[in-house]
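Structure first, commentary second.
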Amino acid sequence: MEALLRWAAELGVSDSPSAPSPSSCLGRSLLIADFPDAGGRGLAAARDLQRGELVLRAPRTALLTSDRVMDDDPRIASSVASHLPRLSSVQTLIICLLSEVGKGKSSNWYLYLSQLPSYYTILATFNDFETEALQLASYQVDEAIWVAQKALRGIRSDWEEATPLMKGLGFKPKLLMFKSWIWAFATVSSRTLHIAWDDAGCLCPIGDLFNYAAPNDDNSSTDEGRDDMMHQETNKMLNQTDFDSSERLTDGGYEDVNEYRLYARKRYRKGEQVLLAYGTYTNLELLEHYGFLLGENPNEKIYIPLDLDLCMIGSWPRDSLYILPNGHPSFALLCALRLWTTPRNRRKALSHQIYSGSFLSVENELEILKWLVKKCEETLQQLPTTIEFDDNLLLLLCKLQNSTSCITEMNRSIFEQKFAAFFRFHGFELDCSIHSKLPVRLLQSLERWGLAVQWRCNYKRTLTKCIVHCKSLVHELSLQQNQQ
């Protein structure tokens, strides 16, 4: 890492407006640090930072881009040109990345490439066992599995299309394997930064060490303010939130000064982890593109099974009918339910009032809340595991990942059958002696399995929050109705 920081400094990467120190590109604003419970390796504030302050800049010459690699290697440029327009920008960057990996220590990017992860946990890397762990017998989980399978099919198709070109360039057999292609795809998917001249983006040494913060995780959203106002106006009616489009989605970009600049998204105290917002993502999208989840994601959307006529009523898109992380229905779902529960002969007359988000009546609101409670309870009852089961499984998976030997309690717990199926899937004979260690490939699979369990656990928690929230409002509205 020290060699990487010196190399980056030589290229002009710096965490201050002035020239970097010859020995390291960091130390004035940022330091590399480990955050075990918040993303692992990341960047910490070397001093108190102000919001909007420049924390890292990287000149164009430091960015690993397709055009930079092809400028240095005319053979690649010629081969790629002969395959255009069939090759996408992402395929081109992956080919360039694998080409540099194949050069080994002779690559200009060797020090950077040697620090990249050896494996990733994006959704496309999930095997069948790990994908099945997403299954919950619900609309949302069917979608998760479909997303994983679709992503894998697309990546495999891109690899098959690019393989003749890579063979023609004399790539080593190992780099021609699908395993290498999916590693490079995951690198591009999870680590690139946006640039205007290439849709695939760029790899930015040091700049890709920032961990993620959701865009509105440290601000009160416009929606919540609107929620409070509507709540007061309609006697404890349901809150609703939608994303504030004015919220800044990223914390930097490639600027006219011919360098990539990244800025502090808020005030940081010395030692705090400095985070960047890559964009607005649900947990499923974070898992698909970056390979991680947030325990508390303000942009999460939880979907429940809905009747077809409810989905088709009004002009609300299906993907706008969801439950928020706090258990409240989205504005569109609430309005759709109000319209759906209104008698057909009155819908036209009340549609303007409903579309504006106005409260109709205590009776109508009670019907909606009771329906939501019933639907969420039915959905939870149909799921094969409980929150308690998943929580305990997560604890055990975490122990196994952090242990140097097999934990015998694994075969003495309620999860014995789960682990037996896991080891059968991987064709592994478990030696439960105290000195037995799990192979690296199984530890990696345990991590992905844990992400799948965490995702479905978050789903259940949100449904439980919705039940509690709606029951509370039912109680309040019932009291109000009795008083009248």
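Residue numbers start at 1 in each chain; chains themselves are named A, B, ... in the order of the structure tokens; ligands are numbered from 1 in the order shown.
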
Those in region 413-484 of chain A with helix (DSSP H, G or I) from DSSP, as a ChimeraX atom specification: /A:416-425,440-483

All strand (DSSP E) positions in region 234-443 of chain A, as a PyMOL selection string: chain A and resi 252-255+259-263+275-276

Using C-alpha atoms, can you export the residues from the last selection as a compact mmCIF listing (two decimals), in the first residue's frame?
```txt
# COMPACT_ATOMS: atom_id res chain seq x y z
CA GLY A 252 -17.30 15.05 -7.39
CA GLY A 253 -16.53 14.60 -11.05
CA TYR A 254 -14.08 15.20 -13.87
CA GLU A 255 -13.67 18.95 -14.12
CA GLU A 259 -8.50 16.13 -13.21
CA TYR A 260 -11.05 14.18 -11.20
CA ARG A 261 -11.98 16.03 -8.02
CA LEU A 262 -13.80 14.62 -5.01
CA TYR A 263 -15.27 16.70 -2.19
CA LEU A 275 -17.82 8.61 2.52
CA LEU A 276 -19.02 9.35 -0.99
```

If you count only C-alpha atoms, which residues fall within 12 Å of Tyr212 (chain A), apart from same-chain ones fewer than 2 positions away, as a ChimeraX atom specification? /A:38-43,190-191,208-210,214-217,249-251,265,273-281,286,290-294,297

Would you write out those residues with N, CA, C and O atoms, as a short mmCIF file (atom, residue, chain, number, x, y, z; two decimals), in the first residue's frame?
```
data_model
loop_
_atom_site.label_atom_id
_atom_site.label_comp_id
_atom_site.auth_asym_id
_atom_site.auth_seq_id
_atom_site.Cartn_x
_atom_site.Cartn_y
_atom_site.Cartn_z
N ALA A 38 -18.13 -0.97 8.99
CA ALA A 38 -18.65 0.04 8.06
C ALA A 38 -17.90 0.03 6.73
O ALA A 38 -17.38 1.05 6.29
N GLY A 39 -17.84 -1.16 6.12
CA GLY A 39 -17.27 -1.25 4.78
C GLY A 39 -15.85 -1.76 4.70
O GLY A 39 -15.31 -1.93 3.61
N GLY A 40 -15.18 -2.01 5.84
CA GLY A 40 -13.80 -2.50 5.80
C GLY A 40 -12.82 -1.38 5.51
O GLY A 40 -12.92 -0.29 6.07
N ARG A 41 -11.87 -1.65 4.61
CA ARG A 41 -10.86 -0.64 4.30
C ARG A 41 -11.50 0.58 3.65
O ARG A 41 -12.33 0.45 2.75
N GLY A 42 -11.13 1.76 4.13
CA GLY A 42 -11.69 2.99 3.59
C GLY A 42 -10.76 4.16 3.86
O GLY A 42 -9.56 3.97 4.13
N LEU A 43 -11.30 5.35 3.78
CA LEU A 43 -10.51 6.57 3.99
C LEU A 43 -11.06 7.36 5.16
O LEU A 43 -12.26 7.60 5.25
N SER A 190 -18.18 -2.10 -9.82
CA SER A 190 -18.17 -1.62 -8.44
C SER A 190 -17.17 -0.51 -8.16
O SER A 190 -17.24 0.13 -7.11
N ARG A 191 -16.23 -0.24 -9.08
CA ARG A 191 -15.14 0.68 -8.75
C ARG A 191 -14.98 1.86 -9.70
O ARG A 191 -14.19 2.77 -9.42
N ASP A 208 -11.04 5.08 -5.59
CA ASP A 208 -12.00 3.99 -5.44
C ASP A 208 -11.94 3.35 -4.05
O ASP A 208 -12.55 2.31 -3.81
N LEU A 209 -11.22 3.98 -3.12
CA LEU A 209 -11.17 3.48 -1.75
C LEU A 209 -12.28 4.05 -0.87
O LEU A 209 -12.50 3.59 0.25
N PHE A 210 -12.98 5.08 -1.37
CA PHE A 210 -14.08 5.66 -0.59
C PHE A 210 -15.22 4.65 -0.48
O PHE A 210 -15.64 4.07 -1.49
N ALA A 214 -25.44 6.70 1.42
CA ALA A 214 -26.64 7.01 0.65
C ALA A 214 -26.81 8.52 0.55
O ALA A 214 -26.52 9.24 1.51
N PRO A 215 -27.28 9.03 -0.60
CA PRO A 215 -27.34 10.48 -0.83
C PRO A 215 -28.05 11.28 0.25
O PRO A 215 -27.64 12.38 0.56
N ASN A 216 -29.14 10.76 0.83
CA ASN A 216 -29.86 11.57 1.81
C ASN A 216 -29.83 10.94 3.21
O ASN A 216 -30.75 11.10 3.98
N ASP A 217 -28.73 10.21 3.50
CA ASP A 217 -28.68 9.56 4.81
C ASP A 217 -28.36 10.51 5.95
O ASP A 217 -28.57 10.18 7.10
N LEU A 249 -26.37 13.81 -5.99
CA LEU A 249 -26.22 12.37 -6.09
C LEU A 249 -24.77 11.91 -6.02
O LEU A 249 -24.48 10.80 -5.63
N THR A 250 -23.85 12.72 -6.45
CA THR A 250 -22.45 12.35 -6.40
C THR A 250 -21.68 13.47 -5.75
O THR A 250 -22.16 14.59 -5.62
N ASP A 251 -20.45 13.17 -5.35
CA ASP A 251 -19.66 14.14 -4.59
C ASP A 251 -18.37 14.52 -5.31
O ASP A 251 -17.33 14.71 -4.70
N ARG A 265 -18.70 15.42 1.51
CA ARG A 265 -20.15 15.58 1.36
C ARG A 265 -20.78 16.22 2.60
O ARG A 265 -21.94 16.63 2.59
N GLN A 273 -14.75 8.23 9.17
CA GLN A 273 -14.67 7.72 7.81
C GLN A 273 -15.29 8.72 6.84
O GLN A 273 -16.41 9.19 7.07
N VAL A 274 -14.57 9.06 5.79
CA VAL A 274 -15.06 9.96 4.76
C VAL A 274 -15.74 9.13 3.68
O VAL A 274 -15.12 8.23 3.10
N LEU A 275 -17.01 9.41 3.43
CA LEU A 275 -17.82 8.61 2.52
C LEU A 275 -18.22 9.42 1.30
O LEU A 275 -18.29 10.65 1.35
N LEU A 276 -18.52 8.72 0.23
CA LEU A 276 -19.02 9.35 -0.99
C LEU A 276 -20.34 8.71 -1.39
O LEU A 276 -20.56 7.52 -1.17
N ALA A 277 -21.21 9.50 -2.00
CA ALA A 277 -22.46 8.99 -2.54
C ALA A 277 -22.24 8.64 -4.01
O ALA A 277 -21.94 9.51 -4.81
N TYR A 278 -22.37 7.36 -4.35
CA TYR A 278 -22.22 6.95 -5.75
C TYR A 278 -23.49 7.22 -6.54
O TYR A 278 -23.46 7.26 -7.77
N GLY A 279 -24.61 7.36 -5.85
CA GLY A 279 -25.90 7.53 -6.49
C GLY A 279 -26.99 7.03 -5.56
O GLY A 279 -26.73 6.59 -4.44
N THR A 280 -28.23 7.08 -6.01
CA THR A 280 -29.37 6.63 -5.21
C THR A 280 -29.70 5.19 -5.57
O THR A 280 -30.08 4.90 -6.71
N TYR A 281 -29.57 4.27 -4.62
CA TYR A 281 -29.77 2.85 -4.88
C TYR A 281 -30.59 2.20 -3.77
O TYR A 281 -30.44 2.53 -2.60
N LEU A 286 -27.71 -2.01 -4.85
CA LEU A 286 -26.37 -1.99 -4.28
C LEU A 286 -25.72 -3.36 -4.38
O LEU A 286 -24.54 -3.49 -4.72
N TYR A 290 -22.60 -3.26 -6.61
CA TYR A 290 -21.44 -3.02 -5.74
C TYR A 290 -21.11 -4.17 -4.79
O TYR A 290 -20.03 -4.22 -4.24
N GLY A 291 -22.06 -5.06 -4.56
CA GLY A 291 -21.77 -6.22 -3.74
C GLY A 291 -21.87 -6.02 -2.25
O GLY A 291 -21.24 -6.72 -1.47
N PHE A 292 -22.67 -5.05 -1.80
CA PHE A 292 -22.87 -4.86 -0.37
C PHE A 292 -24.29 -4.34 -0.13
O PHE A 292 -25.00 -3.96 -1.06
N LEU A 293 -24.68 -4.32 1.14
CA LEU A 293 -25.99 -3.81 1.56
C LEU A 293 -25.79 -2.79 2.67
O LEU A 293 -24.76 -2.78 3.35
N LEU A 294 -26.80 -1.96 2.87
CA LEU A 294 -26.82 -1.05 4.02
C LEU A 294 -27.85 -1.55 5.02
O LEU A 294 -28.97 -1.89 4.65
N ASN A 297 -30.94 1.80 4.90
CA ASN A 297 -30.85 2.45 3.59
C ASN A 297 -32.07 3.34 3.38
O ASN A 297 -33.17 2.84 3.19
#
```

Considering only C-alpha atoms, return as a list in words whatever protein or nucleic-acid residues lie within 12 Å of Thr61 (chain A), sequence-local ones (same chain, fewer than 6 positions apart) excluded. Ala8, Ala9, Glu10, Leu11, Gly12, Val13, Asp67, Arg68, Val69, Asp71, Asp72, Asn108, Trp109, Cys202, Leu203, Cys204, Pro205, Asn258, Glu259 and Tyr260 of chain A

Could the residues in this selection be written to a file with N, CA and C atoms, as a PDB file, in the first residue's frame?
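Output file result08.pdb follows:
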```pdb
ATOM      1  N   ALA A   8       1.040   6.743  -6.783  1.00  0.00           N
ATOM      2  CA  ALA A   8      -0.055   7.671  -7.064  1.00  0.00           C
ATOM      3  C   ALA A   8       0.414   9.120  -6.930  1.00  0.00           C
ATOM      4  N   ALA A   9       1.275   9.378  -5.943  1.00  0.00           N
ATOM      5  CA  ALA A   9       1.803  10.738  -5.765  1.00  0.00           C
ATOM      6  C   ALA A   9       2.643  11.157  -6.968  1.00  0.00           C
ATOM      7  N   GLU A  10       3.407  10.230  -7.509  1.00  0.00           N
ATOM      8  CA  GLU A  10       4.215  10.523  -8.699  1.00  0.00           C
ATOM      9  C   GLU A  10       3.346  10.893  -9.897  1.00  0.00           C
ATOM     10  N   LEU A  11       2.124  10.329  -9.937  1.00  0.00           N
ATOM     11  CA  LEU A  11       1.193  10.632 -11.029  1.00  0.00           C
ATOM     12  C   LEU A  11       0.418  11.925 -10.786  1.00  0.00           C
ATOM     13  N   GLY A  12       0.554  12.507  -9.599  1.00  0.00           N
ATOM     14  CA  GLY A  12      -0.121  13.761  -9.300  1.00  0.00           C
ATOM     15  C   GLY A  12      -1.376  13.640  -8.471  1.00  0.00           C
ATOM     16  N   VAL A  13      -1.693  12.408  -8.026  1.00  0.00           N
ATOM     17  CA  VAL A  13      -2.854  12.230  -7.138  1.00  0.00           C
ATOM     18  C   VAL A  13      -2.537  12.876  -5.798  1.00  0.00           C
ATOM     19  N   ASP A  67      -9.343   4.553 -23.371  1.00  0.00           N
ATOM     20  CA  ASP A  67      -8.550   5.318 -24.348  1.00  0.00           C
ATOM     21  C   ASP A  67      -7.082   5.411 -23.941  1.00  0.00           C
ATOM     22  N   ARG A  68      -6.824   5.484 -22.622  1.00  0.00           N
ATOM     23  CA  ARG A  68      -5.427   5.543 -22.152  1.00  0.00           C
ATOM     24  C   ARG A  68      -4.698   4.237 -22.475  1.00  0.00           C
ATOM     25  N   VAL A  69      -5.335   3.103 -22.209  1.00  0.00           N
ATOM     26  CA  VAL A  69      -4.709   1.805 -22.485  1.00  0.00           C
ATOM     27  C   VAL A  69      -4.490   1.623 -23.979  1.00  0.00           C
ATOM     28  N   ASP A  71      -4.166   3.974 -26.239  1.00  0.00           N
ATOM     29  CA  ASP A  71      -3.125   4.894 -26.696  1.00  0.00           C
ATOM     30  C   ASP A  71      -1.737   4.280 -26.489  1.00  0.00           C
ATOM     31  N   ASP A  72      -1.601   3.533 -25.374  1.00  0.00           N
ATOM     32  CA  ASP A  72      -0.318   2.907 -25.059  1.00  0.00           C
ATOM     33  C   ASP A  72      -0.090   1.605 -25.824  1.00  0.00           C
ATOM     34  N   ASN A 108       1.983  -0.446 -16.444  1.00  0.00           N
ATOM     35  CA  ASN A 108       2.084   0.844 -15.752  1.00  0.00           C
ATOM     36  C   ASN A 108       1.190   0.893 -14.525  1.00  0.00           C
ATOM     37  N   TRP A 109       0.194   0.018 -14.490  1.00  0.00           N
ATOM     38  CA  TRP A 109      -0.809   0.032 -13.421  1.00  0.00           C
ATOM     39  C   TRP A 109      -0.596  -1.094 -12.410  1.00  0.00           C
ATOM     40  N   CYS A 202     -14.191   5.295 -15.515  1.00  0.00           N
ATOM     41  CA  CYS A 202     -12.741   5.171 -15.346  1.00  0.00           C
ATOM     42  C   CYS A 202     -12.442   4.550 -13.991  1.00  0.00           C
ATOM     43  N   LEU A 203     -11.292   3.900 -13.897  1.00  0.00           N
ATOM     44  CA  LEU A 203     -10.791   3.414 -12.617  1.00  0.00           C
ATOM     45  C   LEU A 203      -9.832   4.461 -12.082  1.00  0.00           C
ATOM     46  N   CYS A 204     -10.087   4.903 -10.862  1.00  0.00           N
ATOM     47  CA  CYS A 204      -9.317   5.999 -10.270  1.00  0.00           C
ATOM     48  C   CYS A 204      -8.544   5.488  -9.057  1.00  0.00           C
ATOM     49  N   PRO A 205      -7.242   5.243  -9.196  1.00  0.00           N
ATOM     50  CA  PRO A 205      -6.449   4.811  -8.046  1.00  0.00           C
ATOM     51  C   PRO A 205      -6.633   5.751  -6.854  1.00  0.00           C
ATOM     52  N   ASN A 258      -8.916  19.290 -15.997  1.00  0.00           N
ATOM     53  CA  ASN A 258      -8.336  18.025 -16.453  1.00  0.00           C
ATOM     54  C   ASN A 258      -7.923  17.112 -15.305  1.00  0.00           C
ATOM     55  N   GLU A 259      -8.745  17.071 -14.291  1.00  0.00           N
ATOM     56  CA  GLU A 259      -8.503  16.128 -13.210  1.00  0.00           C
ATOM     57  C   GLU A 259      -9.835  15.784 -12.542  1.00  0.00           C
ATOM     58  N   TYR A 260      -9.867  14.605 -11.952  1.00  0.00           N
ATOM     59  CA  TYR A 260     -11.047  14.182 -11.204  1.00  0.00           C
ATOM     60  C   TYR A 260     -10.940  14.753  -9.801  1.00  0.00           C
TER      61      TYR A 260
END
```

Could you tell me which of A:Glu272, A:Glu143, A:Asp158, A:Asp37 comes closest to Tyr303 (chain A) if we count only C-alpha atoms?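 Counting only C-alpha atoms, the residue closest to Tyr303 (chain A) is A:Glu143.
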